[in-house]
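What follows is the content of run00.csv (CSV, C-alpha atoms).
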chain,number,residue,atom,x,y,z
W,91,PRO,CA,-39.0,-45.1,2.4
W,92,VAL,CA,-41.8,-46.6,4.4
W,93,LEU,CA,-39.5,-47.4,7.4
W,94,TYR,CA,-38.2,-43.8,7.3
W,95,LEU,CA,-41.7,-42.3,7.1
W,96,LYS,CA,-42.8,-44.4,10.0
W,97,GLY,CA,-40.0,-43.1,12.2
W,98,LEU,CA,-36.9,-45.3,11.9
W,99,SER,CA,-33.7,-43.3,12.3
W,100,THR,CA,-31.2,-43.4,9.5
W,101,ASN,CA,-28.6,-45.1,11.6
W,102,SER,CA,-30.9,-48.0,12.3
W,103,PHE,CA,-31.6,-49.0,8.8
W,104,GLN,CA,-28.8,-51.5,8.4
W,105,ASP,CA,-29.8,-53.5,11.5
W,106,ALA,CA,-33.5,-53.3,10.7
W,107,LEU,CA,-33.2,-54.5,7.1
W,108,SER,CA,-30.6,-57.1,8.0
W,109,SER,CA,-33.0,-58.7,10.5
W,110,ILE,CA,-35.8,-58.7,7.9
W,111,LEU,CA,-33.9,-59.6,4.7
W,112,GLY,CA,-30.7,-61.2,5.9
W,113,GLU,CA,-27.1,-60.1,6.4
W,114,GLY,CA,-26.7,-59.2,2.8
W,115,ALA,CA,-29.3,-56.5,2.9
W,116,LYS,CA,-28.1,-52.9,2.2
W,117,GLY,CA,-29.1,-50.0,4.4
W,118,LEU,CA,-30.5,-46.7,3.2
W,119,SER,CA,-27.7,-44.2,3.3
W,120,ALA,CA,-28.1,-40.6,4.4
W,121,THR,CA,-27.4,-39.5,0.8
W,122,ASN,CA,-30.3,-41.6,-0.4
W,123,ILE,CA,-32.5,-40.2,2.3
W,124,VAL,CA,-31.7,-36.7,1.1
W,125,ARG,CA,-32.4,-37.7,-2.5
W,126,LEU,CA,-35.7,-39.3,-1.4
W,127,LYS,CA,-36.8,-36.1,0.4
W,128,LYS,CA,-36.0,-34.0,-2.7
W,129,VAL,CA,-38.3,-36.3,-4.8
W,130,TRP,CA,-41.1,-35.8,-2.2
W,131,GLU,CA,-40.6,-32.0,-2.2
W,132,ASP,CA,-41.0,-31.9,-6.0
W,133,GLU,CA,-44.1,-34.2,-5.7
W,134,TYR,CA,-45.6,-31.9,-3.0
W,135,GLU,CA,-45.1,-28.8,-5.1
W,136,VAL,CA,-47.0,-30.4,-8.0
W,137,TRP,CA,-49.8,-31.7,-5.7
W,138,ALA,CA,-50.2,-28.3,-4.0
W,139,LYS,CA,-51.0,-26.7,-7.3
W,140,ARG,CA,-53.2,-29.4,-8.7
W,141,SER,CA,-56.6,-28.5,-10.2
W,142,LEU,CA,-59.7,-28.8,-8.0
W,143,ALA,CA,-62.0,-28.0,-10.9
W,144,GLY,CA,-65.2,-30.1,-10.7
W,145,LYS,CA,-64.5,-31.2,-7.1
W,146,LYS,CA,-67.3,-31.0,-4.6
W,147,TYR,CA,-67.0,-31.5,-0.8
W,148,ALA,CA,-69.9,-32.1,1.5
W,149,TYR,CA,-67.8,-31.8,4.6
W,150,ILE,CA,-64.3,-30.5,5.4
W,151,TRP,CA,-62.3,-31.0,8.6
W,152,VAL,CA,-59.6,-28.5,9.6
W,153,ASP,CA,-56.9,-28.3,12.2
W,154,GLY,CA,-53.6,-26.6,13.1
W,155,ILE,CA,-51.1,-29.3,14.0
W,156,TYR,CA,-48.1,-28.4,16.1
W,157,PHE,CA,-44.8,-30.3,15.8
W,158,ASN,CA,-41.4,-30.2,17.6
W,159,VAL,CA,-39.8,-29.4,14.2
W,160,ARG,CA,-39.0,-25.6,14.1
W,161,LEU,CA,-40.3,-24.2,10.8
W,162,GLU,CA,-38.7,-21.4,8.9
W,163,ASN,CA,-40.0,-17.8,9.1
W,164,GLU,CA,-41.3,-18.5,12.6
W,165,LYS,CA,-44.4,-20.3,11.2
W,166,SER,CA,-45.8,-22.1,14.2
W,167,CYS,CA,-47.7,-25.1,12.8
W,168,ILE,CA,-49.0,-27.1,9.8
W,169,LEU,CA,-52.5,-26.2,8.7
W,170,VAL,CA,-54.5,-29.1,7.2
W,171,ILE,CA,-57.8,-29.5,5.4
W,172,MET,CA,-59.4,-32.8,4.5
W,173,GLY,CA,-62.8,-33.3,3.0
W,174,ALA,CA,-65.5,-35.8,2.1
W,175,ASP,CA,-66.1,-35.8,-1.7
W,176,GLU,CA,-69.2,-36.5,-3.7
W,177,ASN,CA,-68.7,-40.2,-3.2
W,178,GLY,CA,-68.2,-40.0,0.6
W,179,LYS,CA,-64.5,-40.7,0.2
W,180,LYS,CA,-62.2,-38.8,2.6
W,181,GLU,CA,-59.5,-36.8,0.8
W,182,LEU,CA,-56.6,-34.7,1.7
W,183,ILE,CA,-57.2,-31.2,0.3
W,184,SER,CA,-54.5,-28.9,1.7
W,185,VAL,CA,-51.3,-29.1,3.7
W,186,THR,CA,-49.3,-25.9,4.3
W,187,ASP,CA,-47.6,-23.9,7.1
W,188,GLY,CA,-49.0,-21.0,9.0
W,189,TYR,CA,-50.4,-19.8,12.3
W,190,SER,CA,-53.3,-21.8,13.8
W,191,GLU,CA,-55.1,-18.8,15.2
W,192,SER,CA,-54.4,-16.5,12.2
W,193,THR,CA,-57.4,-15.6,10.1
W,194,THR,CA,-55.0,-14.5,7.4
W,195,SER,CA,-53.2,-17.8,7.1
W,196,TRP,CA,-56.6,-19.7,6.8
W,197,LYS,CA,-57.9,-17.1,4.3
W,198,GLU,CA,-54.9,-17.7,2.1
W,199,ILE,CA,-55.6,-21.4,2.1
W,200,LEU,CA,-59.3,-21.0,1.2
W,201,LEU,CA,-58.5,-18.5,-1.5
W,202,GLN,CA,-55.9,-20.9,-2.9
W,203,MET,CA,-58.5,-23.7,-3.1
W,204,LYS,CA,-60.7,-21.3,-5.0
W,205,SER,CA,-57.9,-20.4,-7.4
W,206,GLN,CA,-57.3,-24.1,-8.0
W,207,GLY,CA,-60.9,-24.4,-9.3
W,208,LEU,CA,-63.1,-25.2,-6.3
W,209,GLU,CA,-66.3,-23.5,-7.1
W,210,GLN,CA,-68.9,-25.0,-4.8
W,211,ALA,CA,-68.6,-24.2,-1.1
W,212,PRO,CA,-68.5,-27.2,1.3
W,213,LYS,CA,-71.8,-27.7,3.2
W,214,LEU,CA,-70.2,-28.1,6.6
W,215,ALA,CA,-66.8,-27.4,8.2
W,216,ILE,CA,-65.7,-29.1,11.4
W,217,GLY,CA,-62.9,-27.7,13.5
W,218,ASP,CA,-61.6,-26.5,16.9
W,219,GLY,CA,-63.0,-23.2,18.3
W,220,ALA,CA,-59.6,-21.7,18.8
W,221,LEU,CA,-58.8,-21.5,15.1
W,222,GLY,CA,-58.8,-18.2,13.1
W,223,PHE,CA,-60.3,-20.4,10.4
W,224,TRP,CA,-63.9,-19.5,11.2
W,225,LYS,CA,-63.7,-15.8,10.4
W,226,ALA,CA,-61.8,-16.7,7.2
W,227,LEU,CA,-64.5,-19.3,6.2
W,228,SER,CA,-67.3,-16.7,6.7
W,229,GLU,CA,-65.5,-14.4,4.3
W,230,ILE,CA,-64.6,-16.9,1.6
W,231,PHE,CA,-67.4,-19.5,1.8
W,232,PRO,CA,-70.2,-17.7,3.7
W,233,THR,CA,-72.8,-20.4,3.0
W,234,THR,CA,-70.8,-23.1,4.7
W,235,LYS,CA,-72.2,-24.2,8.1
W,236,HIS,CA,-70.0,-24.3,11.2
W,237,GLN,CA,-69.6,-27.3,13.5
W,238,ARG,CA,-67.3,-27.0,16.5
W,239,CYS,CA,-65.5,-30.2,17.6
W,240,TRP,CA,-67.2,-31.6,20.6
W,241,VAL,CA,-64.0,-33.4,21.8
W,242,HIS,CA,-62.1,-30.1,22.0
W,243,LYS,CA,-65.1,-28.3,23.4
W,244,SER,CA,-65.6,-30.8,26.2
W,245,THR,CA,-61.9,-30.7,27.1
W,246,ASN,CA,-61.9,-26.9,27.2
W,247,ILE,CA,-64.9,-26.9,29.5
W,248,THR,CA,-63.8,-29.6,32.0
W,249,ASP,CA,-60.3,-28.0,32.2
W,250,LYS,CA,-62.0,-25.1,34.0
W,251,MET,CA,-63.6,-27.3,36.6
W,252,ALA,CA,-62.5,-29.0,39.8
W,253,HIS,CA,-61.1,-32.5,39.4
W,254,SER,CA,-63.9,-34.0,41.6
W,255,VAL,CA,-66.6,-33.0,39.1
W,256,LYS,CA,-64.9,-33.6,35.8
W,257,ASN,CA,-66.1,-37.1,35.3
W,258,LYS,CA,-69.7,-36.2,35.9
W,259,ALA,CA,-69.5,-33.1,33.8
W,260,SER,CA,-68.0,-35.1,30.9
W,261,LEU,CA,-70.9,-37.5,31.1
W,262,LEU,CA,-73.4,-34.6,31.1
W,263,LEU,CA,-71.7,-33.0,28.1
W,264,LYS,CA,-71.8,-36.4,26.3
W,265,ASP,CA,-75.6,-36.4,26.9
W,266,ILE,CA,-75.8,-33.2,24.9
W,267,TYR,CA,-74.0,-34.2,21.7
W,268,MET,CA,-75.1,-37.8,21.8
W,269,ALA,CA,-78.8,-36.9,22.0
W,270,ASP,CA,-81.0,-38.3,19.3
W,271,THR,CA,-82.7,-35.0,18.5
W,272,LYS,CA,-81.7,-31.4,18.7
W,273,SER,CA,-84.6,-30.8,21.2
W,274,ASN,CA,-83.2,-33.4,23.6
W,275,ALA,CA,-79.7,-32.0,23.1
W,276,MET,CA,-81.0,-28.6,24.1
W,277,LYS,CA,-82.6,-30.1,27.2
W,278,ALA,CA,-79.3,-31.6,28.2
W,279,TYR,CA,-77.5,-28.4,27.3
W,280,ASN,CA,-79.8,-26.4,29.7
W,281,HIS,CA,-79.4,-29.0,32.4
W,282,PHE,CA,-75.6,-28.7,32.3
W,283,ILE,CA,-75.9,-24.9,32.5
W,284,SER,CA,-78.3,-25.0,35.5
W,285,THR,CA,-76.1,-27.6,37.2
W,286,TYR,CA,-72.8,-25.7,37.0
W,287,GLU,CA,-73.3,-22.0,36.2
W,288,ALA,CA,-73.3,-20.9,39.9
W,289,LYS,CA,-69.9,-22.6,40.7
W,290,TYR,CA,-68.2,-22.9,37.4
W,291,GLU,CA,-69.1,-19.7,35.5
W,292,LYS,CA,-66.1,-19.8,33.2
W,293,ALA,CA,-66.7,-23.4,32.2
W,294,VAL,CA,-70.4,-22.7,31.4
W,295,LEU,CA,-69.3,-19.6,29.4
W,296,THR,CA,-67.0,-21.8,27.3
W,297,LEU,CA,-70.0,-23.9,26.4
W,298,THR,CA,-72.5,-21.1,25.8
W,299,LYS,CA,-70.4,-18.8,23.7
W,300,ASP,CA,-70.4,-21.2,20.8
W,301,LYS,CA,-74.0,-22.4,21.0
W,302,ASP,CA,-74.8,-21.5,17.4
W,303,SER,CA,-72.0,-23.8,16.0
W,304,LEU,CA,-72.3,-26.7,18.3
W,305,PHE,CA,-75.5,-28.3,16.9
W,306,SER,CA,-75.1,-27.9,13.2
W,307,PHE,CA,-74.6,-31.7,12.8
W,308,TYR,CA,-78.4,-32.2,13.4
W,309,ASP,CA,-79.0,-30.6,10.0
W,310,PHE,CA,-77.2,-33.5,8.3
W,311,PRO,CA,-77.9,-37.3,8.1
W,312,ALA,CA,-77.8,-39.2,11.3
W,313,LYS,CA,-75.5,-41.8,9.7
W,314,HIS,CA,-72.9,-39.1,9.4
W,315,TRP,CA,-73.0,-37.7,12.9
W,316,THR,CA,-70.2,-39.9,14.2
W,317,HIS,CA,-68.0,-38.4,11.4
W,318,ILE,CA,-68.9,-34.7,11.8
W,319,ARG,CA,-69.3,-34.1,15.5
W,320,THR,CA,-65.5,-34.0,16.0
W,321,THR,CA,-62.2,-33.5,14.2
W,322,ASN,CA,-61.3,-37.2,14.8
W,323,PRO,CA,-60.5,-37.9,11.1
W,324,ILE,CA,-57.7,-35.4,11.2
W,325,GLU,CA,-56.6,-36.2,14.8
W,326,SER,CA,-56.3,-39.9,14.2
W,327,THR,CA,-54.2,-39.3,11.0
W,328,PHE,CA,-51.7,-37.1,12.8
W,329,ALA,CA,-51.0,-39.6,15.5
W,330,THR,CA,-48.9,-41.3,12.9
W,331,VAL,CA,-47.4,-38.1,11.5
W,332,ARG,CA,-46.2,-37.0,15.0
W,333,LEU,CA,-44.5,-40.4,15.4
W,334,ARG,CA,-42.2,-39.5,12.6
W,335,THR,CA,-41.6,-35.8,13.5
W,336,LYS,CA,-40.7,-36.7,17.1
W,337,ARG,CA,-37.6,-38.4,15.7
W,338,THR,CA,-36.7,-35.3,13.7
W,339,LYS,CA,-34.3,-33.0,15.5
W,340,GLY,CA,-33.3,-29.4,14.9
W,341,CYS,CA,-34.7,-27.0,12.3
W,342,GLY,CA,-36.1,-28.6,9.2
W,343,SER,CA,-36.5,-26.5,6.1
W,344,ARG,CA,-40.0,-25.4,5.3
W,345,LYS,CA,-40.2,-27.5,2.1
W,346,ALA,CA,-38.7,-30.6,3.8
W,347,THR,CA,-41.1,-30.5,6.7
W,348,LEU,CA,-44.2,-29.8,4.6
W,349,SER,CA,-43.3,-32.6,2.1
W,350,MET,CA,-42.7,-35.1,4.9
W,351,VAL,CA,-46.0,-34.3,6.6
W,352,TRP,CA,-47.8,-34.4,3.2
W,353,LYS,CA,-46.2,-37.7,2.3
W,354,LEU,CA,-47.3,-39.2,5.7
W,355,CYS,CA,-50.8,-37.9,5.2
W,356,LYS,CA,-50.9,-39.4,1.7
W,357,GLU,CA,-49.8,-42.7,3.0
W,358,ALA,CA,-52.5,-42.6,5.7
W,359,GLU,CA,-55.1,-41.5,3.1
W,360,LYS,CA,-54.8,-45.0,1.4
W,361,LYS,CA,-56.5,-46.5,4.5
W,362,TRP,CA,-59.2,-43.9,5.0
W,363,TYR,CA,-62.7,-45.4,4.8
W,364,LYS,CA,-65.7,-43.9,3.1
W,365,LEU,CA,-68.3,-42.2,5.3
W,366,ARG,CA,-71.1,-44.4,6.6
W,367,GLY,CA,-74.2,-43.5,4.5
W,368,SER,CA,-72.0,-42.2,1.6
W,369,GLU,CA,-75.0,-42.7,-0.7
W,370,LEU,CA,-76.6,-39.7,1.0
W,371,ILE,CA,-73.8,-37.3,0.0
W,372,PRO,CA,-75.4,-36.3,-3.4
W,373,LYS,CA,-78.5,-35.0,-1.7
W,374,ILE,CA,-76.4,-32.9,0.7
W,375,LEU,CA,-74.5,-31.4,-2.2
W,376,GLU,CA,-77.9,-30.5,-3.7
W,377,GLY,CA,-78.5,-28.4,-0.7
W,378,VAL,CA,-81.1,-30.5,1.0
W,379,PHE,CA,-80.8,-30.4,4.8
W,380,CYS,CA,-82.1,-32.6,7.6
W,381,ILE,CA,-84.3,-32.2,10.7
W,382,ASP,CA,-82.7,-34.3,13.5
W,383,GLY,CA,-80.7,-36.3,11.0
W,384,ILE,CA,-83.6,-37.1,8.6
W,385,PHE,CA,-84.1,-35.4,5.3
W,386,GLU,CA,-87.0,-32.9,5.3
W,387,ASP,CA,-88.6,-34.4,2.2
W,388,VAL,CA,-88.7,-37.9,3.7
W,389,ALA,CA,-91.9,-38.8,5.5
Let me see whether you can do it: turn the structure in this file into structure tokens.
Amino acid sequence: PVLYLKGLSTNSFQDALSSILGEGAKGLSATNIVRLKKVWEDEYEVWAKRSLAGKKYAYIWVDGIYFNVRLENEKSCILVIMGADENGKKELISVTDGYSESTTSWKEILLQMKSQGLEQAPKLAIGDGALGFWKALSEIFPTTKHQRCWVHKSTNITDKMAHSVKNKASLLLKDIYMADTKSNAMKAYNHFISTYEAKYEKAVLTLTKDKDSLFSFYDFPAKHWTHIRTTNPIESTFATVRLRTKRTKGCGSRKATLSMVWKLCKEAEKKWYKLRGSELIPKILEGVFCIDGIFEDVA
């Protein structure tokens, strides 16, 4: 099962297992693969309906992940939400199919989380600016703060600039989100605008249109900034998931594709580390915010 999940084709099992275990090793037949997938589909259905009662998430990361597997009903991607719980442990919350830019798809997921018993809104959500998720989040969990992913934002900005200035522009953008205080970040932000607004108006507009949701991380502990400035937790996980789906040809059923992606994510989840500064999570869940990464009530 692990070899299959990691991307080994069915026809290669006999050779692979023989080299590891000896000539007497049996391969994993196509029939057994089908049986295995059915088990995963059943497990996924149970997991997708599990109770979230009593769960609390300080942070959630969201993304719409595209694969070369064609999903049924013209659904274009897999929508994923992972969170950091009250102990600072990263946890897979939701995996389903939908449309990345569809507010309706994301609204359905958030409402499903509520129906499963999630009562307390996450304190911060991190995601790409292109997602229809943000409008849905404002409707379902209006108190949750928004943080746009700085990796996606930086790429979207420099894509609108000449190649000759991309490296310098990237460094100036890094000066913004790596600043030690919000005040210094705003100085770097204004410097970027004054440097490029005359020649690269579209690039600067890409930066300024999301100003309100680019600096939310400063309201949370500095120890967590490396985790919450970007969607890296999801991106790194799906590098492994894509490795498997690249080897999957044709049109997979909705359930088969979802269950395979879910199973890969659950395998990856075993290696997810706690957030640095996880001991600070309870204070965040109490609704205490920071100024420049330091709790307001700390001298």
Inset, instruction - Record the distance separating CA of Ser190 in chain W and CA of Val152 in chain W, expressed in Å with one decimal. - result: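 Taking CA of Ser190 in chain W as the start and CA of Val152 in chain W as the end point, the length is 10.1 Å.
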Inset, instruction - For Ser273 in chain W, list every protein, DNA or RNA residue within 12 Å, evaluated using all atoms listed in the file, and leave out those in the same chain fewer than 4 positions away; present the list as a PyMOL selection string. - result: chain W and resi 266-269+277-280+305+308+381-382
Inset, instruction - Please identify all polymer residues within 7 Å of range 191-196 of chain W, counting only C-alpha atoms, omitting same-chain residues fewer than 6 positions from it, and present them as a PyMOL selection string. - result: chain W and resi 220-223+225-226
Inset, instruction - Excluding range 197-201 of chain W and any residue of its chain fewer than 6 positions from it, enumerate the residues within 10 Å of it, using all atoms listed in the file, and give them as a PyMOL selection string. - result: chain W and resi 169-171+184-188+208+222-231
With C-alpha atoms retained, could you export that selection as an mmCIF file, in the coordinates of the input?
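Contents of out_31.cif, freshly written:
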data_model
loop_
_atom_site.group_PDB
_atom_site.id
_atom_site.type_symbol
_atom_site.label_atom_id
_atom_site.label_comp_id
_atom_site.auth_asym_id
_atom_site.auth_seq_id
_atom_site.Cartn_x
_atom_site.Cartn_y
_atom_site.Cartn_z
ATOM 1 C CA LEU W 169 -52.500 -26.200 8.700
ATOM 2 C CA VAL W 170 -54.500 -29.100 7.200
ATOM 3 C CA ILE W 171 -57.800 -29.500 5.400
ATOM 4 C CA SER W 184 -54.500 -28.900 1.700
ATOM 5 C CA VAL W 185 -51.300 -29.100 3.700
ATOM 6 C CA THR W 186 -49.300 -25.900 4.300
ATOM 7 C CA ASP W 187 -47.600 -23.900 7.100
ATOM 8 C CA GLY W 188 -49.000 -21.000 9.000
ATOM 9 C CA LEU W 208 -63.100 -25.200 -6.300
ATOM 10 C CA GLY W 222 -58.800 -18.200 13.100
ATOM 11 C CA PHE W 223 -60.300 -20.400 10.400
ATOM 12 C CA TRP W 224 -63.900 -19.500 11.200
ATOM 13 C CA LYS W 225 -63.700 -15.800 10.400
ATOM 14 C CA ALA W 226 -61.800 -16.700 7.200
ATOM 15 C CA LEU W 227 -64.500 -19.300 6.200
ATOM 16 C CA SER W 228 -67.300 -16.700 6.700
ATOM 17 C CA GLU W 229 -65.500 -14.400 4.300
ATOM 18 C CA ILE W 230 -64.600 -16.900 1.600
ATOM 19 C CA PHE W 231 -67.400 -19.500 1.800
#
Inset, instruction - Quick one: everything within 12 Å of range 133-136 of chain W, counting all atoms listed in the file, minus sequence neighbours fewer than 4 positions away in the same chain. Send it as a PyMOL selection string. - result: chain W and resi 126-129+140-141+184-186+344-356
Those same residues, written as a PDB file, in the coordinates of the input with C-alpha atoms?
ATOM      1  CA  LEU W 126     -35.700 -39.300  -1.400  1.00  0.00           C
ATOM      2  CA  LYS W 127     -36.800 -36.100   0.400  1.00  0.00           C
ATOM      3  CA  LYS W 128     -36.000 -34.000  -2.700  1.00  0.00           C
ATOM      4  CA  VAL W 129     -38.300 -36.300  -4.800  1.00  0.00           C
ATOM      5  CA  ARG W 140     -53.200 -29.400  -8.700  1.00  0.00           C
ATOM      6  CA  SER W 141     -56.600 -28.500 -10.200  1.00  0.00           C
ATOM      7  CA  SER W 184     -54.500 -28.900   1.700  1.00  0.00           C
ATOM      8  CA  VAL W 185     -51.300 -29.100   3.700  1.00  0.00           C
ATOM      9  CA  THR W 186     -49.300 -25.900   4.300  1.00  0.00           C
ATOM     10  CA  ARG W 344     -40.000 -25.400   5.300  1.00  0.00           C
ATOM     11  CA  LYS W 345     -40.200 -27.500   2.100  1.00  0.00           C
ATOM     12  CA  ALA W 346     -38.700 -30.600   3.800  1.00  0.00           C
ATOM     13  CA  THR W 347     -41.100 -30.500   6.700  1.00  0.00           C
ATOM     14  CA  LEU W 348     -44.200 -29.800   4.600  1.00  0.00           C
ATOM     15  CA  SER W 349     -43.300 -32.600   2.100  1.00  0.00           C
ATOM     16  CA  MET W 350     -42.700 -35.100   4.900  1.00  0.00           C
ATOM     17  CA  VAL W 351     -46.000 -34.300   6.600  1.00  0.00           C
ATOM     18  CA  TRP W 352     -47.800 -34.400   3.200  1.00  0.00           C
ATOM     19  CA  LYS W 353     -46.200 -37.700   2.300  1.00  0.00           C
ATOM     20  CA  LEU W 354     -47.300 -39.200   5.700  1.00  0.00           C
ATOM     21  CA  CYS W 355     -50.800 -37.900   5.200  1.00  0.00           C
ATOM     22  CA  LYS W 356     -50.900 -39.400   1.700  1.00  0.00           C
TER      23      LYS W 356
END
